[in-house]
Structure formats: C-alpha cells, structure tokens
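Engineer: Structure file work.txt, compact mmCIF, C-alpha atoms, is pasted below:
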# COMPACT_ATOMS: atom_id res chain seq x y z
CA LEU A 25 76.10 113.98 49.61
CA LEU A 26 73.71 115.50 47.14
CA HIS A 27 73.80 113.89 43.71
CA PHE A 28 75.47 116.07 41.10
CA SER A 29 72.36 115.71 38.96
CA SER A 30 70.46 117.88 41.43
CA PHE A 31 72.74 120.78 40.50
CA LEU A 32 72.48 120.29 36.74
CA PRO A 33 69.48 122.65 36.36
CA TYR A 34 71.61 125.39 37.88
CA VAL A 35 74.79 124.57 35.97
CA SER A 36 73.21 123.97 32.57
CA VAL A 37 71.84 127.50 32.52
CA TYR A 38 75.37 128.84 32.24
CA LEU A 39 76.36 126.68 29.30
CA SER A 40 74.67 129.34 27.21
CA PRO A 41 75.83 133.00 27.45
CA CYS A 42 75.55 133.98 31.11
CA SER A 43 73.83 137.05 32.45
CA ALA A 44 73.63 138.67 35.84
CA SER A 45 69.85 138.38 35.87
CA THR A 46 70.08 134.60 35.43
CA LEU A 47 72.48 134.41 38.35
CA PHE A 48 70.17 136.33 40.64
CA TYR A 49 67.12 134.28 39.62
CA THR A 50 69.07 131.10 40.40
CA PHE A 51 70.16 132.47 43.75
CA ALA A 52 66.60 133.48 44.62
CA TYR A 53 65.26 130.07 43.61
CA ILE A 54 67.74 128.18 45.77
CA ARG A 55 67.30 130.60 48.65
CA ASN A 56 63.53 130.03 48.74
CA GLN A 57 63.40 126.26 48.43
CA PRO A 58 60.82 124.47 50.62
CA MET A 59 61.81 123.34 54.09
CA SER A 60 62.12 119.73 52.96
CA GLN A 61 65.22 120.74 50.96
CA ILE A 62 66.66 123.66 52.89
CA PRO A 63 66.12 123.83 56.65
CA LYS A 64 64.22 126.97 57.61
CA GLY A 65 63.42 128.57 60.88
CA LYS A 66 60.08 127.98 62.56
CA LYS A 67 58.03 130.53 64.36
CA LEU A 68 57.18 128.12 67.16
CA ALA A 69 59.52 127.85 70.12
CA LYS A 70 62.02 125.05 69.67
CA SER A 71 63.77 122.93 72.24
CA SER A 72 67.56 122.84 72.49
CA LYS A 73 67.59 119.29 71.15
CA GLN A 74 65.54 120.29 68.12
CA ILE A 75 67.84 123.23 67.45
CA CYS A 76 70.86 120.91 67.56
CA GLU A 77 69.27 118.47 65.11
CA GLU A 78 68.27 121.22 62.67
CA ASN A 79 71.72 122.80 62.92
CA VAL A 80 73.33 119.48 61.95
CA GLN A 81 71.01 119.19 58.93
CA THR A 82 71.70 122.79 57.91
CA VAL A 83 75.48 122.42 58.13
CA SER A 84 75.28 119.15 56.18
CA PHE A 85 73.22 120.73 53.41
CA TYR A 86 75.51 123.73 52.92
CA GLN A 87 78.57 121.50 53.20
CA ASN A 88 77.28 119.67 50.13
CA PHE A 89 76.95 123.00 48.38
CA VAL A 90 80.59 123.88 49.06
CA ILE A 91 81.88 120.42 48.15
CA VAL A 92 80.07 120.24 44.80
CA SER A 93 81.03 123.77 43.71
CA SER A 94 84.66 123.29 44.80
CA ILE A 95 85.01 119.97 42.95
CA PHE A 96 83.33 121.38 39.84
CA ASN A 97 85.64 124.42 39.80
CA PHE A 98 88.71 122.26 40.50
CA VAL A 99 87.93 119.92 37.61
CA ALA A 100 87.31 122.87 35.29
CA VAL A 101 90.69 124.39 36.18
CA VAL A 102 92.83 121.25 36.25
CA GLN A 103 91.13 119.58 33.26
CA PRO A 104 89.91 122.64 31.34
CA PHE A 105 86.97 121.76 29.12
CA VAL A 106 86.01 125.35 28.40
CA GLY A 107 89.42 126.69 27.41
CA LEU A 108 92.96 127.15 28.66
CA SER A 109 93.38 127.81 32.39
CA TYR A 110 95.57 130.68 33.53
CA TRP A 111 97.12 131.56 36.87
CA LEU A 112 94.10 133.71 37.70
CA ASP A 113 91.86 130.64 37.53
CA TYR A 114 93.94 128.95 40.23
CA VAL A 115 93.86 132.09 42.38
CA LEU A 116 90.07 132.29 42.08
CA LEU A 117 89.78 128.58 42.88
CA GLY A 118 91.73 129.10 46.10
CA PHE A 119 89.80 132.27 46.96
CA PHE A 120 86.35 130.76 46.49
CA CYS A 121 87.33 127.63 48.41
CA CYS A 122 88.63 129.76 51.30
CA VAL A 123 85.41 131.82 51.40
CA GLY A 124 83.12 128.81 51.14
CA TRP A 125 84.94 126.54 53.57
CA GLY A 126 85.68 129.41 55.93
CA SER A 127 82.00 130.37 56.10
CA LEU A 128 81.05 126.72 56.59
CA GLN A 129 83.58 126.29 59.38
CA PHE A 130 82.35 129.45 61.10
CA MET A 131 78.77 128.18 60.78
CA ARG A 132 79.83 124.89 62.32
CA SER A 133 81.71 126.56 65.20
CA ILE A 134 78.90 128.88 66.29
CA SER A 135 76.34 126.06 66.18
CA ARG A 136 78.46 123.59 68.12
CA PRO A 137 76.53 122.43 71.24
CA SER A 138 78.14 122.21 74.65
CA TYR A 139 77.63 119.35 77.07
CA SER A 140 78.22 118.90 80.78
CA GLY A 141 80.49 116.26 82.28
CA SER A 142 77.52 113.95 82.66
CA GLY A 143 76.66 114.29 78.97
CA SER A 144 73.57 116.48 79.37
CA LEU A 145 73.05 119.30 76.90
CA ILE A 146 73.96 122.72 78.32
CA SER A 147 73.75 124.93 75.24
CA SER A 148 72.57 124.21 71.71
CA GLY A 149 74.71 126.92 70.17
CA VAL A 150 73.43 129.54 67.75
CA ASP A 151 70.23 128.64 65.92
CA LEU A 152 71.31 128.73 62.27
CA ASN A 153 67.70 128.80 61.08
CA MET A 154 66.68 131.84 63.11
CA GLU A 155 65.25 134.54 60.87
CA SER A 156 67.52 137.57 60.38
CA GLY A 157 70.24 135.85 62.37
CA ILE A 158 73.90 135.42 61.56
CA GLY A 159 73.13 131.97 60.15
CA GLU A 160 71.03 133.54 57.39
CA HIS A 161 73.96 135.73 56.31
CA LEU A 162 76.34 132.77 56.28
CA LYS A 163 73.88 130.83 54.13
CA ASP A 164 73.75 133.72 51.65
CA ILE A 165 77.55 133.83 51.48
CA ILE A 166 77.83 130.09 50.81
CA ILE A 167 75.04 129.95 48.23
CA TYR A 168 76.15 133.02 46.30
CA THR A 169 79.84 132.09 46.42
CA SER A 170 79.10 128.55 45.21
CA ILE A 171 77.03 129.82 42.28
CA VAL A 172 79.64 132.39 41.23
CA GLN A 173 82.35 129.74 41.58
CA VAL A 174 80.53 127.43 39.16
CA VAL A 175 79.75 130.27 36.75
CA SER A 176 83.34 131.54 36.72
CA SER A 177 84.46 128.05 35.69
CA PHE A 178 83.03 128.80 32.24
CA LYS A 179 84.05 132.45 32.01
CA THR A 180 86.61 133.91 34.40
CA VAL A 181 85.36 137.48 34.14
CA LEU A 182 82.07 136.44 35.77
CA ALA A 183 83.96 136.06 39.05
CA LEU A 184 83.57 139.84 39.36
CA LEU A 185 79.91 139.20 40.25
CA TRP A 186 81.15 138.06 43.66
CA LEU A 187 81.99 141.71 44.45
CA LEU A 188 78.27 142.34 44.81
CA LEU A 189 78.37 140.30 48.01
CA PRO A 190 80.58 142.67 50.06
CA LEU A 191 78.61 145.59 48.64
CA ARG A 192 75.41 144.04 49.99
CA PHE A 193 76.89 143.55 53.43
CA PHE A 194 78.26 147.10 53.45
CA TYR A 195 74.73 148.26 52.64
CA LEU A 196 73.34 146.23 55.56
CA ILE A 197 75.97 147.68 57.92
CA TRP A 198 75.20 151.20 56.67
CA VAL A 199 71.43 150.83 57.07
CA ASN A 200 71.47 149.05 60.44
CA PHE A 201 74.43 150.65 62.23
CA ILE A 202 76.26 153.55 60.56
CA SER A 203 73.33 155.54 59.20
CA PRO A 204 71.21 155.46 62.41
CA TRP A 205 74.28 156.50 64.43
CA ILE A 206 75.18 159.42 62.11
CA PHE A 207 71.67 160.72 61.54
CA ALA A 208 70.35 160.04 65.04
CA PRO A 209 68.51 163.09 66.44
CA GLY A 210 70.17 164.88 69.31
CA PRO A 211 68.86 164.60 72.85
CA GLN A 212 65.62 166.52 73.25
CA LEU A 213 65.27 168.72 76.30
CA ASP A 214 62.02 168.59 78.15
CA GLU A 215 59.96 171.74 78.60
CA ASN A 216 61.22 172.48 82.12
CA GLU A 217 64.89 172.31 81.21
CA SER A 218 64.31 174.40 78.10
CA THR A 219 62.48 177.07 80.15
CA LYS A 220 65.25 177.15 82.77
CA LYS A 221 67.90 177.68 80.11
CA LYS A 222 65.91 180.51 78.53
CA ARG A 223 65.54 182.24 81.90
CA ALA A 224 69.23 181.85 82.66
CA LYS A 225 70.09 183.31 79.28
CA ILE A 226 67.79 186.31 79.87
CA LYS A 227 69.41 186.93 83.28
CA ARG A 228 72.88 186.92 81.74
CA ILE A 229 71.77 189.46 79.12
CA HIS A 230 70.38 191.82 81.79
Is it possible to express this structure as structure tokens?

Structural biologist:
Amino acid sequence: LLHFSSFLPYVSVYLSPCSASTLFYTFAYIRNQPMSQIPKGKKLAKSSKQICEENVQTVSFYQNFVIVSSIFNFVAVVQPFVGLSYWLDYVLLGFFCCVGWGSLQFMRSISRPSYSGSGSLISSGVDLNMESGIGEHLKDIIIYTSIVQVVSSFKTVLALLWLLLPLRFFYLIWVNFISPWIFAPGPQLDENESTKKKRAKIKRIH
C-alpha cells in the first residue's frame, strides 16, 4: 500500500479553508502524474501480456487510493477530530465507499484476463490505460471521489462538490451521443433524385 505520508500534501491543503479551485488543482495534479506513479497508456502497440501486467499495476494503484480515502473518512466519522459527526456523515461515508469500491470492482472485472484450459492467455481484457477508454473514466471517478471524500471529512457541505462528477458525464454523453443524434443533418438527395422529384411534382401540377 501507499504510505499515508504520500497523501499528506493533498490532505494538508484542506486543513485551511477549502475552496473549489484548490480541489480542482489537486485533481489535475494527481491526474497528470508521471508514468512512474500512475500507469499511463502508450502509443506503441502492446502485447496481451504487457496489457495484463499494466492492468494489475493500475488496479493496485487505484485500490490504494480507495483504501486510504475510505480509512481516512471512517476515522474522521467514528473518531471525529473536526467536530461532532451526524447521521449525514455516516450516509456520505457509505455512499463514497460504494462509489469508490464499485468503480474499482468494475475496473477489475473488465480487465480480468481469460485463459484456456492449458493455461495460455486468450484475452487480456480491456486495456485500462487506453486513451479515451472506459478505464480513463473510471480513474476519474475514483480520483475525484477519493478527494471529495477526504475533503468532506473536514466539512460535510463540501460533499456537494461530488455532484460535479455526474454533471461532467452528462456533458460527455450530450456532446458525444445525444447532440450529434438530435442535430444530425437529414439525408441529402443526390442531384438525380432531386431532379426526378421536381419533374414528378411538375407533372402532378399539370
């Protein structure tokens, strides 16, 4: 597991009054770490074995993220060091844990390799480090949820920042699927078909 000290730069920022801009800067910093810390996709073609190895490293890294944020939030709720905990704090703890662990489990399931009876690799599963793939969206969910979970441990109202996540995904769905389907131009008739229809219309008039 990652040492808790590696997360202190992110957590200590919120000991002072929190702001949305600080949250987004932290998210952007973590999201763009070098490949030595966060596995990233490569432009070169990768073998199935390499994809499997990188998927294992990716799942392990984001599992650490979920574990640390869940433990931190749990300790803050059960042994409140920033104030009295209310029922809402327990609800948020359960919600963030469900989102984080659910995303991690889904990431693990889609990247699970399949083997033949002889033990040879048949499929490496989904490449979690493929650019613009579903793995990238799952990473965003885990990172952002973990950060908001830690931040909300100090001030419950900051849990509302998590609502920006579904808004972002609705925007992606709108831009990539709904909007092109609604505003797609109608089928264009070629010149011959258009001329034939005009002639048929003139004949009907006469």

Engineer: Just the number, please: distance in Å from atom CA of Val181 of chain A to atom CA of Ala100 of chain A, one decimal.

Structural biologist: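 Those two atoms sit 14.8 Å apart.
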
Engineer: So how many Å separate atom CA of Gln74 of chain A and atom CA of Met131 of chain A, to one decimal?

Structural biologist: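 One can read the atom CA of Gln74 of chain A to atom CA of Met131 of chain A distance as 17.1 Å.
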
Engineer: Residues within 9 Å of segment 149-154 of chain A, please, as a PDB file with C-alpha atoms, keeping the file's coordinate frame. Count all atoms listed in the file; anything in the same chain fewer than 2 positions from it doesn't count.

Structural biologist:
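Final output, saved to part11.pdb:
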ATOM      1  CA  PRO A  63      66.120 123.830  56.650  1.00  0.00           C
ATOM      2  CA  LYS A  64      64.220 126.970  57.610  1.00  0.00           C
ATOM      3  CA  GLY A  65      63.420 128.570  60.880  1.00  0.00           C
ATOM      4  CA  LYS A  66      60.080 127.980  62.560  1.00  0.00           C
ATOM      5  CA  LYS A  67      58.030 130.530  64.360  1.00  0.00           C
ATOM      6  CA  SER A  72      67.560 122.840  72.490  1.00  0.00           C
ATOM      7  CA  ILE A  75      67.840 123.230  67.450  1.00  0.00           C
ATOM      8  CA  CYS A  76      70.860 120.910  67.560  1.00  0.00           C
ATOM      9  CA  GLU A  78      68.270 121.220  62.670  1.00  0.00           C
ATOM     10  CA  ASN A  79      71.720 122.800  62.920  1.00  0.00           C
ATOM     11  CA  THR A  82      71.700 122.790  57.910  1.00  0.00           C
ATOM     12  CA  VAL A  83      75.480 122.420  58.130  1.00  0.00           C
ATOM     13  CA  MET A 131      78.770 128.180  60.780  1.00  0.00           C
ATOM     14  CA  SER A 133      81.710 126.560  65.200  1.00  0.00           C
ATOM     15  CA  ILE A 134      78.900 128.880  66.290  1.00  0.00           C
ATOM     16  CA  SER A 135      76.340 126.060  66.180  1.00  0.00           C
ATOM     17  CA  ARG A 136      78.460 123.590  68.120  1.00  0.00           C
ATOM     18  CA  PRO A 137      76.530 122.430  71.240  1.00  0.00           C
ATOM     19  CA  SER A 138      78.140 122.210  74.650  1.00  0.00           C
ATOM     20  CA  SER A 147      73.750 124.930  75.240  1.00  0.00           C
ATOM     21  CA  SER A 156      67.520 137.570  60.380  1.00  0.00           C
ATOM     22  CA  GLY A 157      70.240 135.850  62.370  1.00  0.00           C
ATOM     23  CA  ILE A 158      73.900 135.420  61.560  1.00  0.00           C
ATOM     24  CA  GLY A 159      73.130 131.970  60.150  1.00  0.00           C
ATOM     25  CA  GLU A 160      71.030 133.540  57.390  1.00  0.00           C
ATOM     26  CA  LEU A 162      76.340 132.770  56.280  1.00  0.00           C
ATOM     27  CA  LYS A 163      73.880 130.830  54.130  1.00  0.00           C
TER      28      LYS A 163
END

Engineer: Would you mind reading off the distance between atom CA of Ile166 of chain A and atom CA of Val92 of chain A, one decimal, in Å?

Structural biologist: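 Spanning atom CA of Ile166 of chain A to atom CA of Val92 of chain A is a straight-line distance of 11.8 Å.
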
Engineer: Using all atoms listed in the file, find the one residue out of A:Ala183, A:Pro209, A:Val102, A:His161 that sits nearest to Leu196 of chain A.

Structural biologist: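 Under the stated criterion, the closest residue is A:His161.
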
Engineer: When distances are computed from all atoms listed in the file, which of A:Gly126, A:Ile167, A:Ser84, A:Phe178 shows the smallest separation from Val99 of chain A?

Structural biologist: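 Among A:Gly126, A:Ile167, A:Ser84, A:Phe178, it is A:Phe178 that comes nearest to Val99 of chain A.
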
Engineer: Taking all atoms listed in the file into account, which of A:Leu112, A:Val90, A:Val80, A:Gln103 comes nearest Ser176 of chain A?

Structural biologist: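 Of the candidates, the smallest distance to Ser176 of chain A is held by A:Leu112.
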
Engineer: Return the single residue from A:Val115, A:Ile206, A:Ile91, A:Ala69 that is closest to Thr180 of chain A, with distances computed using all atoms listed in the file.

Structural biologist: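 Checking each of A:Val115, A:Ile206, A:Ile91, A:Ala69 against Thr180 of chain A, counting all atoms listed in the file, the winner is A:Val115.
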
Engineer: Could you give me, as a PyMOL selection string, the residues within 8 Å of Val172 of chain A, counting all atoms listed in the file and dropping anything in the same chain fewer than 6 positions from it?

Structural biologist: chain A and resi 47+182-183+185-186

Engineer: Could you write out that same residue set with C-alpha atoms as a compact mmCIF listing (two decimals), in the coordinates of the input?

Structural biologist:
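What landed in selection-v8.txt:
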# COMPACT_ATOMS: atom_id res chain seq x y z
CA LEU A 47 72.48 134.41 38.35
CA LEU A 182 82.07 136.44 35.77
CA ALA A 183 83.96 136.06 39.05
CA LEU A 185 79.91 139.20 40.25
CA TRP A 186 81.15 138.06 43.66

Engineer: Choose the residue, out of A:Leu116, A:Val174, A:Leu189, A:Ile202, that has the smallest atom-to-atom separation from Ser93 of chain A; count only C-alpha atoms.

Structural biologist: A:Val174

Engineer: Pick out the closest residue to Asn88 of chain A from this set: A:Trp125, A:Tyr139, A:Phe130, A:Phe207. Count all atoms listed in the file.

Structural biologist: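 Of A:Trp125, A:Tyr139, A:Phe130, A:Phe207, the one nearest Asn88 of chain A is A:Trp125, counting all atoms listed in the file.
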
Engineer: Skip Val101 of chain A itself and residues of its chain fewer than 4 positions away, then list as a PyMOL selection string all residues within 8 Å of it, counting all atoms listed in the file.

Structural biologist: chain A and resi 97+109+113-114+117+177

Engineer: Only C-alpha atoms, please: the residues just picked out, written as a compact mmCIF listing (two decimals), keeping the file's coordinate frame.

Structural biologist:
# COMPACT_ATOMS: atom_id res chain seq x y z
CA ASN A 97 85.64 124.42 39.80
CA SER A 109 93.38 127.81 32.39
CA ASP A 113 91.86 130.64 37.53
CA TYR A 114 93.94 128.95 40.23
CA LEU A 117 89.78 128.58 42.88
CA SER A 177 84.46 128.05 35.69
